[in-house]
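This is model-v1.csv. It holds CSV, N, CA and C atoms.
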chain,number,residue,atom,x,y,z
A,1,MET,N,25.2,22.6,-17.9
A,1,MET,CA,25.4,23.0,-19.3
A,1,MET,C,24.5,22.2,-20.2
A,2,PRO,N,24.2,22.6,-21.4
A,2,PRO,CA,23.4,21.9,-22.3
A,2,PRO,C,24.1,20.6,-22.7
A,3,PRO,N,23.3,19.5,-23.0
A,3,PRO,CA,23.8,18.2,-23.4
A,3,PRO,C,24.7,18.3,-24.6
A,4,ARG,N,24.4,19.1,-25.6
A,4,ARG,CA,25.2,19.2,-26.8
A,4,ARG,C,26.6,19.7,-26.5
A,5,GLN,N,26.7,20.7,-25.7
A,5,GLN,CA,28.0,21.3,-25.3
A,5,GLN,C,28.8,20.3,-24.5
A,6,ALA,N,28.2,19.5,-23.6
A,6,ALA,CA,28.9,18.5,-22.8
A,6,ALA,C,29.4,17.4,-23.7
A,7,LEU,N,28.6,17.0,-24.7
A,7,LEU,CA,29.0,16.0,-25.7
A,7,LEU,C,30.1,16.4,-26.5
A,8,GLN,N,30.1,17.7,-26.9
A,8,GLN,CA,31.2,18.2,-27.7
A,8,GLN,C,32.5,18.2,-26.9
A,9,ILE,N,32.5,18.6,-25.7
A,9,ILE,CA,33.7,18.7,-24.8
A,9,ILE,C,34.2,17.2,-24.7
A,10,ALA,N,33.3,16.3,-24.5
A,10,ALA,CA,33.7,14.9,-24.3
A,10,ALA,C,34.4,14.4,-25.6
A,11,GLN,N,33.9,14.7,-26.7
A,11,GLN,CA,34.5,14.2,-28.0
A,11,GLN,C,35.8,14.9,-28.2
A,12,GLU,N,36.0,16.1,-27.8
A,12,GLU,CA,37.3,16.8,-28.0
A,12,GLU,C,38.3,16.1,-27.1
A,13,ARG,N,38.0,15.7,-25.9
A,13,ARG,CA,38.9,15.0,-25.0
A,13,ARG,C,39.0,13.5,-25.3
A,14,GLU,N,38.3,13.0,-26.3
A,14,GLU,CA,38.2,11.6,-26.6
A,14,GLU,C,37.8,10.7,-25.4
A,15,LEU,N,36.8,11.2,-24.7
A,15,LEU,CA,36.2,10.5,-23.6
A,15,LEU,C,34.7,10.3,-23.8
A,16,ASP,N,34.0,9.7,-22.9
A,16,ASP,CA,32.6,9.4,-23.0
A,16,ASP,C,31.8,10.3,-22.0
A,17,LEU,N,30.6,10.7,-22.4
A,17,LEU,CA,29.7,11.4,-21.6
A,17,LEU,C,28.7,10.4,-21.0
A,18,VAL,N,28.9,10.1,-19.6
A,18,VAL,CA,28.1,9.1,-19.0
A,18,VAL,C,27.1,9.7,-18.0
A,19,GLU,N,25.9,9.3,-18.1
A,19,GLU,CA,24.8,9.7,-17.2
A,19,GLU,C,25.0,9.0,-15.9
A,20,VAL,N,25.3,9.7,-14.8
A,20,VAL,CA,25.5,9.1,-13.5
A,20,VAL,C,24.3,9.0,-12.7
A,21,ALA,N,23.5,10.1,-12.6
A,21,ALA,CA,22.3,10.1,-11.8
A,21,ALA,C,21.1,10.6,-12.7
A,22,PRO,N,20.4,9.7,-13.4
A,22,PRO,CA,19.4,10.0,-14.3
A,22,PRO,C,18.1,10.6,-13.6
A,23,ASN,N,17.9,10.2,-12.4
A,23,ASN,CA,16.7,10.6,-11.7
A,23,ASN,C,16.8,12.0,-11.0
A,24,ALA,N,18.0,12.6,-11.0
A,24,ALA,CA,18.2,13.9,-10.4
A,24,ALA,C,17.6,15.0,-11.3
A,25,LYS,N,17.3,16.1,-10.7
A,25,LYS,CA,16.8,17.3,-11.5
A,25,LYS,C,17.9,18.4,-11.4
A,26,PRO,N,18.5,18.7,-12.4
A,26,PRO,CA,18.6,18.1,-13.7
A,26,PRO,C,19.5,16.8,-13.7
A,27,PRO,N,19.4,16.0,-14.7
A,27,PRO,CA,20.2,14.7,-14.7
A,27,PRO,C,21.7,15.1,-14.6
A,28,VAL,N,22.5,14.2,-13.9
A,28,VAL,CA,23.9,14.5,-13.7
A,28,VAL,C,24.7,13.6,-14.6
A,29,CYS,N,25.6,14.2,-15.4
A,29,CYS,CA,26.5,13.4,-16.3
A,29,CYS,C,27.9,13.7,-16.0
A,30,ARG,N,28.8,12.8,-16.4
A,30,ARG,CA,30.2,13.0,-16.2
A,30,ARG,C,31.0,12.7,-17.5
A,31,ILE,N,32.1,13.3,-17.6
A,31,ILE,CA,33.0,13.1,-18.8
A,31,ILE,C,34.1,12.2,-18.3
A,32,LEU,N,34.1,10.9,-18.8
A,32,LEU,CA,35.1,9.9,-18.3
A,32,LEU,C,35.3,8.8,-19.3
A,33,ASP,N,36.3,8.0,-19.1
A,33,ASP,CA,36.6,6.9,-19.9
A,33,ASP,C,35.7,5.7,-19.4
A,34,PHE,N,34.7,5.4,-20.2
A,34,PHE,CA,33.6,4.5,-19.8
A,34,PHE,C,34.2,3.1,-19.5
A,35,GLY,N,35.1,2.6,-20.4
A,35,GLY,CA,35.7,1.3,-20.2
A,35,GLY,C,36.5,1.2,-18.9
A,36,LYS,N,37.2,2.2,-18.6
A,36,LYS,CA,38.0,2.2,-17.3
A,36,LYS,C,37.0,2.3,-16.1
A,37,TYR,N,35.9,3.0,-16.3
A,37,TYR,CA,34.9,3.1,-15.2
A,37,TYR,C,34.2,1.8,-15.0
A,38,GLN,N,33.9,1.0,-16.0
A,38,GLN,CA,33.3,-0.3,-15.9
A,38,GLN,C,34.3,-1.3,-15.2
A,39,TYR,N,35.5,-1.2,-15.6
A,39,TYR,CA,36.5,-2.1,-15.0
A,39,TYR,C,36.7,-1.8,-13.5
A,40,GLU,N,36.7,-0.6,-13.1
A,40,GLU,CA,36.9,-0.3,-11.7
A,40,GLU,C,35.6,-0.7,-10.9
A,41,GLN,N,34.5,-0.5,-11.5
A,41,GLN,CA,33.2,-0.9,-10.8
A,41,GLN,C,33.2,-2.4,-10.6
A,42,ALA,N,33.6,-3.2,-11.7
A,42,ALA,CA,33.7,-4.7,-11.5
A,42,ALA,C,34.7,-5.1,-10.5
A,43,LYS,N,35.8,-4.4,-10.4
A,43,LYS,CA,36.8,-4.6,-9.4
A,43,LYS,C,36.3,-4.4,-8.0
A,44,ARG,N,35.5,-3.3,-7.8
A,44,ARG,CA,34.9,-3.1,-6.5
A,44,ARG,C,33.9,-4.2,-6.1
A,45,GLU,N,33.1,-4.6,-7.1
A,45,GLU,CA,32.2,-5.7,-6.8
A,45,GLU,C,32.9,-7.0,-6.4
A,46,ARG,N,34.0,-7.3,-7.1
A,46,ARG,CA,34.8,-8.5,-6.8
A,46,ARG,C,35.3,-8.4,-5.4
A,47,GLN,N,35.8,-7.3,-5.0
A,47,GLN,CA,36.3,-7.1,-3.6
A,47,GLN,C,35.3,-7.2,-2.6
A,48,ALA,N,34.1,-6.7,-2.9
A,48,ALA,CA,32.9,-6.8,-1.9
A,48,ALA,C,32.5,-8.3,-1.8
A,49,ARG,N,32.5,-9.0,-2.9
A,49,ARG,CA,32.1,-10.4,-2.8
A,49,ARG,C,33.2,-11.2,-2.0
A,50,LYS,N,34.4,-10.9,-2.2
A,50,LYS,CA,35.5,-11.6,-1.5
A,50,LYS,C,35.4,-11.3,0.0
A,51,ALA,N,35.0,-10.1,0.4
A,51,ALA,CA,34.9,-9.7,1.8
A,51,ALA,C,33.7,-10.4,2.5
A,52,GLN,N,32.7,-10.9,1.8
A,52,GLN,CA,31.5,-11.5,2.4
A,52,GLN,C,31.9,-12.8,3.0
A,53,LYS,N,31.3,-13.2,4.1
A,53,LYS,CA,31.5,-14.4,4.7
A,53,LYS,C,30.5,-15.4,4.3
A,54,GLN,N,30.9,-16.6,3.8
A,54,GLN,CA,30.0,-17.6,3.3
A,54,GLN,C,29.7,-18.5,4.5
A,55,VAL,N,28.4,-18.7,4.8
A,55,VAL,CA,28.0,-19.6,5.9
A,55,VAL,C,27.9,-21.0,5.3
A,56,GLU,N,28.7,-21.9,5.9
A,56,GLU,CA,28.8,-23.3,5.5
A,56,GLU,C,27.7,-24.1,6.2
A,57,VAL,N,27.1,-25.0,5.4
A,57,VAL,CA,26.0,-25.9,6.0
A,57,VAL,C,26.5,-27.3,6.0
A,58,LYS,N,26.8,-27.9,7.1
A,58,LYS,CA,27.2,-29.3,7.2
A,58,LYS,C,26.0,-30.2,7.5
A,59,GLU,N,26.1,-31.4,7.1
A,59,GLU,CA,24.9,-32.3,7.3
A,59,GLU,C,25.3,-33.5,8.2
A,60,VAL,N,24.4,-33.9,9.1
A,60,VAL,CA,24.6,-35.1,9.9
A,60,VAL,C,23.4,-35.9,9.7
A,61,ARG,N,23.6,-37.2,9.3
A,61,ARG,CA,22.5,-38.1,8.9
A,61,ARG,C,22.3,-39.1,10.0
A,62,LEU,N,21.1,-39.4,10.4
A,62,LEU,CA,20.8,-40.4,11.4
A,62,LEU,C,19.6,-41.2,10.8
A,63,ARG,N,19.3,-42.3,11.5
A,63,ARG,CA,18.1,-43.2,11.2
A,63,ARG,C,17.4,-43.4,12.5
A,64,PRO,N,16.1,-43.7,12.5
A,64,PRO,CA,15.4,-44.0,13.7
A,64,PRO,C,16.1,-45.1,14.6
A,65,LYS,N,16.7,-46.1,13.9
A,65,LYS,CA,17.3,-47.2,14.6
A,65,LYS,C,18.8,-47.0,14.9
A,66,THR,N,19.4,-45.8,14.7
A,66,THR,CA,20.8,-45.5,14.9
A,66,THR,C,21.1,-45.8,16.4
A,67,GLY,N,22.2,-46.5,16.6
A,67,GLY,CA,22.6,-46.9,18.0
A,67,GLY,C,23.0,-45.7,18.8
A,68,GLU,N,23.1,-45.9,20.1
A,68,GLU,CA,23.4,-44.8,21.0
A,68,GLU,C,24.9,-44.3,20.8
A,69,HIS,N,25.8,-45.2,20.6
A,69,HIS,CA,27.2,-44.8,20.4
A,69,HIS,C,27.3,-44.0,19.1
A,70,ASP,N,26.7,-44.5,18.0
A,70,ASP,CA,26.8,-43.8,16.7
A,70,ASP,C,26.1,-42.4,16.8
A,71,THR,N,25.1,-42.3,17.6
A,71,THR,CA,24.4,-41.0,17.8
A,71,THR,C,25.4,-40.0,18.5
A,72,GLU,N,26.1,-40.5,19.5
A,72,GLU,CA,27.1,-39.7,20.2
A,72,GLU,C,28.2,-39.2,19.3
A,73,VAL,N,28.6,-40.1,18.4
A,73,VAL,CA,29.7,-39.7,17.4
A,73,VAL,C,29.2,-38.6,16.5
A,74,ARG,N,27.9,-38.7,16.0
A,74,ARG,CA,27.3,-37.7,15.2
A,74,ARG,C,27.2,-36.4,16.0
A,75,LEU,N,26.9,-36.5,17.3
A,75,LEU,CA,26.7,-35.4,18.2
A,75,LEU,C,28.1,-34.6,18.3
A,76,ARG,N,29.2,-35.4,18.4
A,76,ARG,CA,30.5,-34.7,18.5
A,76,ARG,C,30.8,-34.0,17.2
A,77,HIS,N,30.5,-34.6,16.1
A,77,HIS,CA,30.8,-34.0,14.8
A,77,HIS,C,30.0,-32.7,14.7
A,78,ALA,N,28.7,-32.8,15.0
A,78,ALA,CA,27.8,-31.6,15.0
A,78,ALA,C,28.3,-30.5,15.9
A,79,ARG,N,28.8,-30.8,17.1
A,79,ARG,CA,29.3,-29.8,18.0
A,79,ARG,C,30.6,-29.2,17.4
A,80,LYS,N,31.4,-30.0,16.8
A,80,LYS,CA,32.6,-29.4,16.2
A,80,LYS,C,32.3,-28.5,15.0
A,81,PHE,N,31.3,-28.8,14.2
A,81,PHE,CA,30.8,-28.0,13.1
A,81,PHE,C,30.3,-26.6,13.6
A,82,LEU,N,29.4,-26.7,14.7
A,82,LEU,CA,28.8,-25.5,15.2
A,82,LEU,C,29.9,-24.6,15.9
A,83,GLU,N,30.9,-25.2,16.5
A,83,GLU,CA,31.9,-24.4,17.1
A,83,GLU,C,32.8,-23.7,16.1
A,84,SER,N,32.9,-24.3,14.9
A,84,SER,CA,33.7,-23.7,13.8
A,84,SER,C,32.9,-22.6,13.1
A,85,GLY,N,31.6,-22.5,13.4
A,85,GLY,CA,30.8,-21.4,12.8
A,85,GLY,C,29.9,-21.9,11.7
A,86,ALA,N,29.8,-23.2,11.4
A,86,ALA,CA,29.0,-23.7,10.3
A,86,ALA,C,27.6,-24.0,10.9
A,87,LYS,N,26.6,-24.0,10.0
A,87,LYS,CA,25.3,-24.4,10.4
A,87,LYS,C,25.3,-25.9,10.2
A,88,VAL,N,24.4,-26.6,11.0
A,88,VAL,CA,24.3,-28.1,10.9
A,88,VAL,C,22.9,-28.5,10.5
A,89,LYS,N,22.8,-29.3,9.5
A,89,LYS,CA,21.5,-29.8,9.0
A,89,LYS,C,21.5,-31.2,9.6
A,90,VAL,N,20.5,-31.5,10.5
A,90,VAL,CA,20.4,-32.8,11.0
A,90,VAL,C,19.2,-33.5,10.3
A,91,ARG,N,19.5,-34.7,9.7
A,91,ARG,CA,18.5,-35.4,8.9
A,91,ARG,C,18.3,-36.8,9.4
A,92,VAL,N,17.1,-37.1,9.7
A,92,VAL,CA,16.7,-38.5,10.1
A,92,VAL,C,16.0,-39.1,8.9
A,93,ARG,N,16.7,-40.1,8.3
A,93,ARG,CA,16.1,-40.7,7.1
A,93,ARG,C,15.3,-42.0,7.5
A,94,PHE,N,14.2,-42.1,6.8
A,94,PHE,CA,13.3,-43.3,7.0
A,94,PHE,C,13.5,-44.3,5.9
A,95,ARG,N,13.4,-45.6,6.3
A,95,ARG,CA,13.4,-46.6,5.2
A,95,ARG,C,12.2,-47.5,5.5
A,96,GLY,N,11.6,-47.9,4.5
A,96,GLY,CA,10.4,-48.8,4.6
A,96,GLY,C,9.3,-48.3,5.5
A,97,ARG,N,8.9,-49.1,6.5
A,97,ARG,CA,7.8,-48.8,7.3
A,97,ARG,C,8.2,-47.9,8.5
A,98,GLU,N,9.4,-47.5,8.6
A,98,GLU,CA,9.9,-46.6,9.7
A,98,GLU,C,9.1,-45.3,9.6
A,99,ILE,N,8.7,-44.9,8.4
A,99,ILE,CA,8.1,-43.6,8.2
A,99,ILE,C,6.7,-43.5,8.9
A,100,ARG,N,6.2,-44.6,9.4
A,100,ARG,CA,4.9,-44.6,10.1
A,100,ARG,C,5.1,-44.1,11.5
A,101,HIS,N,6.3,-44.0,12.0
A,101,HIS,CA,6.6,-43.5,13.4
A,101,HIS,C,7.5,-42.3,13.4
A,102,PRO,N,7.0,-41.1,12.9
A,102,PRO,CA,7.8,-39.9,12.9
A,102,PRO,C,8.1,-39.4,14.3
A,103,GLU,N,7.3,-39.8,15.2
A,103,GLU,CA,7.5,-39.3,16.6
A,103,GLU,C,8.8,-39.8,17.2
A,104,VAL,N,9.3,-40.9,16.7
A,104,VAL,CA,10.6,-41.5,17.2
A,104,VAL,C,11.7,-40.5,16.7
A,105,ALA,N,11.6,-40.1,15.4
A,105,ALA,CA,12.6,-39.2,14.9
A,105,ALA,C,12.5,-37.8,15.5
A,106,ARG,N,11.3,-37.4,15.8
A,106,ARG,CA,11.2,-36.1,16.5
A,106,ARG,C,11.9,-36.1,17.9
A,107,GLU,N,11.7,-37.2,18.6
A,107,GLU,CA,12.4,-37.4,19.9
A,107,GLU,C,13.9,-37.3,19.7
A,108,ILE,N,14.4,-38.0,18.7
A,108,ILE,CA,15.9,-38.0,18.4
A,108,ILE,C,16.4,-36.6,18.1
A,109,LEU,N,15.6,-35.9,17.3
A,109,LEU,CA,16.0,-34.5,17.0
A,109,LEU,C,15.9,-33.6,18.2
A,110,ALA,N,14.9,-33.7,19.0
A,110,ALA,CA,14.7,-32.9,20.2
A,110,ALA,C,15.9,-33.1,21.1
A,111,ASP,N,16.3,-34.4,21.3
A,111,ASP,CA,17.4,-34.8,22.2
A,111,ASP,C,18.7,-34.2,21.6
A,112,PHE,N,18.8,-34.3,20.3
A,112,PHE,CA,20.0,-33.8,19.6
A,112,PHE,C,20.2,-32.3,19.9
A,113,ALA,N,19.1,-31.5,19.7
A,113,ALA,CA,19.1,-30.1,19.9
A,113,ALA,C,19.3,-29.7,21.4
A,114,LYS,N,18.8,-30.5,22.3
A,114,LYS,CA,18.9,-30.3,23.7
A,114,LYS,C,20.4,-30.4,24.1
A,115,GLN,N,21.1,-31.5,23.6
A,115,GLN,CA,22.5,-31.7,23.9
A,115,GLN,C,23.4,-30.7,23.3
A,116,LEU,N,23.0,-30.0,22.2
A,116,LEU,CA,23.8,-29.0,21.6
A,116,LEU,C,23.4,-27.6,21.9
A,117,ALA,N,22.5,-27.5,22.9
A,117,ALA,CA,21.9,-26.1,23.3
A,117,ALA,C,23.0,-25.1,23.7
A,118,ASP,N,24.1,-25.6,24.2
A,118,ASP,CA,25.2,-24.7,24.7
A,118,ASP,C,26.0,-24.1,23.5
A,119,VAL,N,26.0,-24.7,22.4
A,119,VAL,CA,26.8,-24.2,21.2
A,119,VAL,C,25.9,-23.8,20.0
A,120,GLY,N,24.7,-24.3,20.0
A,120,GLY,CA,23.8,-24.0,18.9
A,120,GLY,C,22.3,-23.8,19.3
A,121,GLU,N,21.6,-23.2,18.3
A,121,GLU,CA,20.2,-23.1,18.6
A,121,GLU,C,19.4,-23.5,17.3
A,122,ILE,N,18.1,-23.9,17.5
A,122,ILE,CA,17.4,-24.4,16.4
A,122,ILE,C,17.0,-23.2,15.5
A,123,GLU,N,17.4,-23.3,14.2
A,123,GLU,CA,17.0,-22.3,13.2
A,123,GLU,C,15.7,-22.7,12.5
A,124,THR,N,15.7,-23.9,12.1
A,124,THR,CA,14.5,-24.5,11.5
A,124,THR,C,14.0,-25.7,12.3
A,125,HIS,N,12.8,-25.7,12.8
A,125,HIS,CA,12.3,-26.8,13.5
A,125,HIS,C,12.1,-28.0,12.6
A,126,PRO,N,12.0,-29.2,13.2
A,126,PRO,CA,11.9,-30.4,12.4
A,126,PRO,C,10.7,-30.4,11.5
A,127,ASN,N,10.9,-30.7,10.2
A,127,ASN,CA,9.8,-30.8,9.3
A,127,ASN,C,10.1,-31.9,8.3
A,128,MET,N,9.1,-32.5,7.8
A,128,MET,CA,9.2,-33.6,6.8
A,128,MET,C,9.6,-33.1,5.4
A,129,GLU,N,10.6,-33.7,4.8
A,129,GLU,CA,11.0,-33.4,3.5
A,129,GLU,C,11.2,-34.7,2.8
A,130,GLY,N,10.2,-35.1,2.0
A,130,GLY,CA,10.3,-36.5,1.4
A,130,GLY,C,10.2,-37.5,2.4
A,131,ARG,N,11.2,-38.5,2.4
A,131,ARG,CA,11.2,-39.6,3.4
A,131,ARG,C,12.2,-39.3,4.5
A,132,SER,N,12.4,-38.0,4.8
A,132,SER,CA,13.3,-37.7,5.9
A,132,SER,C,12.7,-36.5,6.7
A,133,LEU,N,13.1,-36.5,8.0
A,133,LEU,CA,12.8,-35.4,8.9
A,133,LEU,C,14.0,-34.5,9.0
A,134,LEU,N,13.9,-33.2,8.9
A,134,LEU,CA,15.0,-32.3,8.8
A,134,LEU,C,14.9,-31.2,9.8
A,135,MET,N,16.1,-30.8,10.4
A,135,MET,CA,16.2,-29.7,11.4
A,135,MET,C,17.5,-29.0,11.1
A,136,ILE,N,17.5,-27.7,11.2
A,136,ILE,CA,18.7,-27.0,11.0
A,136,ILE,C,19.1,-26.3,12.3
A,137,LEU,N,20.4,-26.4,12.7
A,137,LEU,CA,20.9,-25.8,13.9
A,137,LEU,C,21.9,-24.7,13.5
A,138,ALA,N,21.8,-23.6,14.1
A,138,ALA,CA,22.8,-22.5,13.8
A,138,ALA,C,23.7,-22.2,15.0
A,139,PRO,N,24.9,-21.8,14.8
A,139,PRO,CA,25.8,-21.5,16.0
A,139,PRO,C,25.3,-20.3,16.8
A,140,LYS,N,25.5,-20.3,18.1
A,140,LYS,CA,25.1,-19.2,18.9
A,140,LYS,C,26.0,-18.0,18.7
Represent the structure from my file as structure tokens, please.
Amino acid sequence: MPPRQALQIAQERELDLVEVAPNAKPPVCRILDFGKYQYEQAKRERQARKAQKQVEVKEVRLRPKTGEHDTEVRLRHARKFLESGAKVKVRVRFRGREIRHPEVAREILADFAKQLADVGEIETHPNMEGRSLLMILAPK
């Protein structure tokens, strides 16, 4: 129908004429309560956001001189995080002149990833970020 006629019908019913599909030939319009339409659309969006699963990222910090026992503790924490479905960011922080030997940190991260291979996989390989070497592990 012509737009004027549709607008007149909408005014008689005290509703709004809303263009639903502007790219269609001819454009598609509806007669509805626009406030109610907006409210229902926002409600659908909230429900969709609530249904999404947020991926949590947990962090485990180490140093090049971290002892064997402390590394094992961090390994157990990381394993628990991966089993619960969270990603794990493993960070080896350098202090002072330790930064001159990044190969030590790369070995630590490689060993860490190897020991967690049964529950996680490397998502981001070790790379320098400021004064730390960073690697991200994702659950399998």
inquiry  = Can you pull out every residue from range 69-119 of chain A that DSSP, working from the backbone, puts in strand (DSSP E), and format the result as a ChimeraX atom specification?
reply    = /A:87-93
message = Report as JSON, numbers by chain all protein, DNA and RNA residues lying within 12 Å of Val60 in chain A, evaluated on only C-alpha atoms, omitting residues in the same chain fewer than 2 positions from it.
response = {"A": [57, 58, 62, 63, 70, 71, 72, 73, 74, 75, 76, 77, 78, 79, 80, 81, 82, 87, 88, 89, 90, 91, 92, 93, 109, 112, 133, 134, 135, 136, 137]}
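Separating CA of Lys65 in chain A from CA of Ala138 in chain A is a distance of 25.3 Å.
Closest approach to Ala10 in chain A from the set A:Ala110, A:Ala24, A:Ile31, A:Ala86 is made by A:Ile31, with distances taken over only N, CA and C atoms.
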All residues 8 Å or closer to range 44-54 of chain A, only N, CA and C atoms, same chain fewer than 5 positions away omitted, as a ChimeraX atom specification = /A:38-39,85-86
Those same residues, written as a PDB file, in the coordinates of the input with N, CA and C atoms?
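Saved result, selection-v3.pdb, follows:
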ATOM      1  N   GLN A  38      33.900   1.000 -16.000  1.00  0.00           N
ATOM      2  CA  GLN A  38      33.300  -0.300 -15.900  1.00  0.00           C
ATOM      3  C   GLN A  38      34.300  -1.300 -15.200  1.00  0.00           C
ATOM      4  N   TYR A  39      35.500  -1.200 -15.600  1.00  0.00           N
ATOM      5  CA  TYR A  39      36.500  -2.100 -15.000  1.00  0.00           C
ATOM      6  C   TYR A  39      36.700  -1.800 -13.500  1.00  0.00           C
ATOM      7  N   GLY A  85      31.600 -22.500  13.400  1.00  0.00           N
ATOM      8  CA  GLY A  85      30.800 -21.400  12.800  1.00  0.00           C
ATOM      9  C   GLY A  85      29.900 -21.900  11.700  1.00  0.00           C
ATOM     10  N   ALA A  86      29.800 -23.200  11.400  1.00  0.00           N
ATOM     11  CA  ALA A  86      29.000 -23.700  10.300  1.00  0.00           C
ATOM     12  C   ALA A  86      27.600 -24.000  10.900  1.00  0.00           C
TER      13      ALA A  86
END
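Pairwise distance (CA of Arg61 in chain A, CA of Ser132 in chain A) equals 9.7 Å.
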request  = Find the residues near range 11-21 of chain A: any atom within 7 Å, counting only N, CA and C atoms, skip ones fewer than 6 places away on the same chain, and give them as a PyMOL selection string.
outcome  = chain A and resi 27-34
Save out the residues we just selected, N, CA and C atoms, as a PDB file, in the coordinates of the input.
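Listed below is the output, result11.pdb:
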ATOM      1  N   PRO A  27      19.400  16.000 -14.700  1.00  0.00           N
ATOM      2  CA  PRO A  27      20.200  14.700 -14.700  1.00  0.00           C
ATOM      3  C   PRO A  27      21.700  15.100 -14.600  1.00  0.00           C
ATOM      4  N   VAL A  28      22.500  14.200 -13.900  1.00  0.00           N
ATOM      5  CA  VAL A  28      23.900  14.500 -13.700  1.00  0.00           C
ATOM      6  C   VAL A  28      24.700  13.600 -14.600  1.00  0.00           C
ATOM      7  N   CYS A  29      25.600  14.200 -15.400  1.00  0.00           N
ATOM      8  CA  CYS A  29      26.500  13.400 -16.300  1.00  0.00           C
ATOM      9  C   CYS A  29      27.900  13.700 -16.000  1.00  0.00           C
ATOM     10  N   ARG A  30      28.800  12.800 -16.400  1.00  0.00           N
ATOM     11  CA  ARG A  30      30.200  13.000 -16.200  1.00  0.00           C
ATOM     12  C   ARG A  30      31.000  12.700 -17.500  1.00  0.00           C
ATOM     13  N   ILE A  31      32.100  13.300 -17.600  1.00  0.00           N
ATOM     14  CA  ILE A  31      33.000  13.100 -18.800  1.00  0.00           C
ATOM     15  C   ILE A  31      34.100  12.200 -18.300  1.00  0.00           C
ATOM     16  N   LEU A  32      34.100  10.900 -18.800  1.00  0.00           N
ATOM     17  CA  LEU A  32      35.100   9.900 -18.300  1.00  0.00           C
ATOM     18  C   LEU A  32      35.300   8.800 -19.300  1.00  0.00           C
ATOM     19  N   ASP A  33      36.300   8.000 -19.100  1.00  0.00           N
ATOM     20  CA  ASP A  33      36.600   6.900 -19.900  1.00  0.00           C
ATOM     21  C   ASP A  33      35.700   5.700 -19.400  1.00  0.00           C
ATOM     22  N   PHE A  34      34.700   5.400 -20.200  1.00  0.00           N
ATOM     23  CA  PHE A  34      33.600   4.500 -19.800  1.00  0.00           C
ATOM     24  C   PHE A  34      34.200   3.100 -19.500  1.00  0.00           C
TER      25      PHE A  34
END
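Nearest residue to Leu116 in chain A, choosing from A:Glu129, A:Glu83, A:Glu103, A:Glu59 and counting only C-alpha atoms: A:Glu83.
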Distance in Å - atom N of Lys25 in chain A versus atom C of Leu7 in chain A = 20.3 Å
key: Residues of range 14-95 of chain A in alpha helix (DSSP H), written as JSON, numbers by chain   = {"A": [34, 35, 36, 37, 38, 39, 40, 41, 42, 43, 44, 45, 46, 47, 48, 49, 50, 51, 68, 69, 70, 71, 72, 73, 74, 75, 76, 77, 78, 79, 80, 81, 82, 83]}
Taking the structure in the block just given, could you write range 98-121 of chain A with C-alpha atoms, as an mmCIF file, in the first residue's frame?
data_model
loop_
_atom_site.group_PDB
_atom_site.id
_atom_site.type_symbol
_atom_site.label_atom_id
_atom_site.label_comp_id
_atom_site.auth_asym_id
_atom_site.auth_seq_id
_atom_site.Cartn_x
_atom_site.Cartn_y
_atom_site.Cartn_z
ATOM 1 C CA GLU A 98 68.108 -11.648 34.060
ATOM 2 C CA ILE A 99 66.673 -10.264 30.835
ATOM 3 C CA ARG A 100 69.990 -10.967 29.110
ATOM 4 C CA HIS A 101 69.161 -14.717 29.198
ATOM 5 C CA PRO A 102 65.680 -15.180 27.714
ATOM 6 C CA GLU A 103 66.599 -18.737 26.662
ATOM 7 C CA VAL A 104 66.330 -19.791 30.330
ATOM 8 C CA ALA A 105 62.754 -18.521 30.440
ATOM 9 C CA ARG A 106 61.939 -20.173 27.103
ATOM 10 C CA GLU A 107 63.146 -23.512 28.541
ATOM 11 C CA ILE A 108 60.953 -23.003 31.627
ATOM 12 C CA LEU A 109 57.909 -22.253 29.449
ATOM 13 C CA ALA A 110 58.597 -25.195 27.132
ATOM 14 C CA ASP A 111 58.867 -27.539 30.128
ATOM 15 C CA PHE A 112 55.689 -26.022 31.593
ATOM 16 C CA ALA A 113 53.776 -26.611 28.332
ATOM 17 C CA LYS A 114 55.162 -30.152 28.003
ATOM 18 C CA GLN A 115 54.017 -31.101 31.516
ATOM 19 C CA LEU A 116 50.538 -29.687 30.848
ATOM 20 C CA ALA A 117 50.207 -31.232 27.363
ATOM 21 C CA ASP A 118 47.573 -33.722 28.568
ATOM 22 C CA VAL A 119 45.122 -30.987 29.683
ATOM 23 C CA GLY A 120 46.126 -27.963 27.611
ATOM 24 C CA GLU A 121 47.695 -26.795 24.396
#
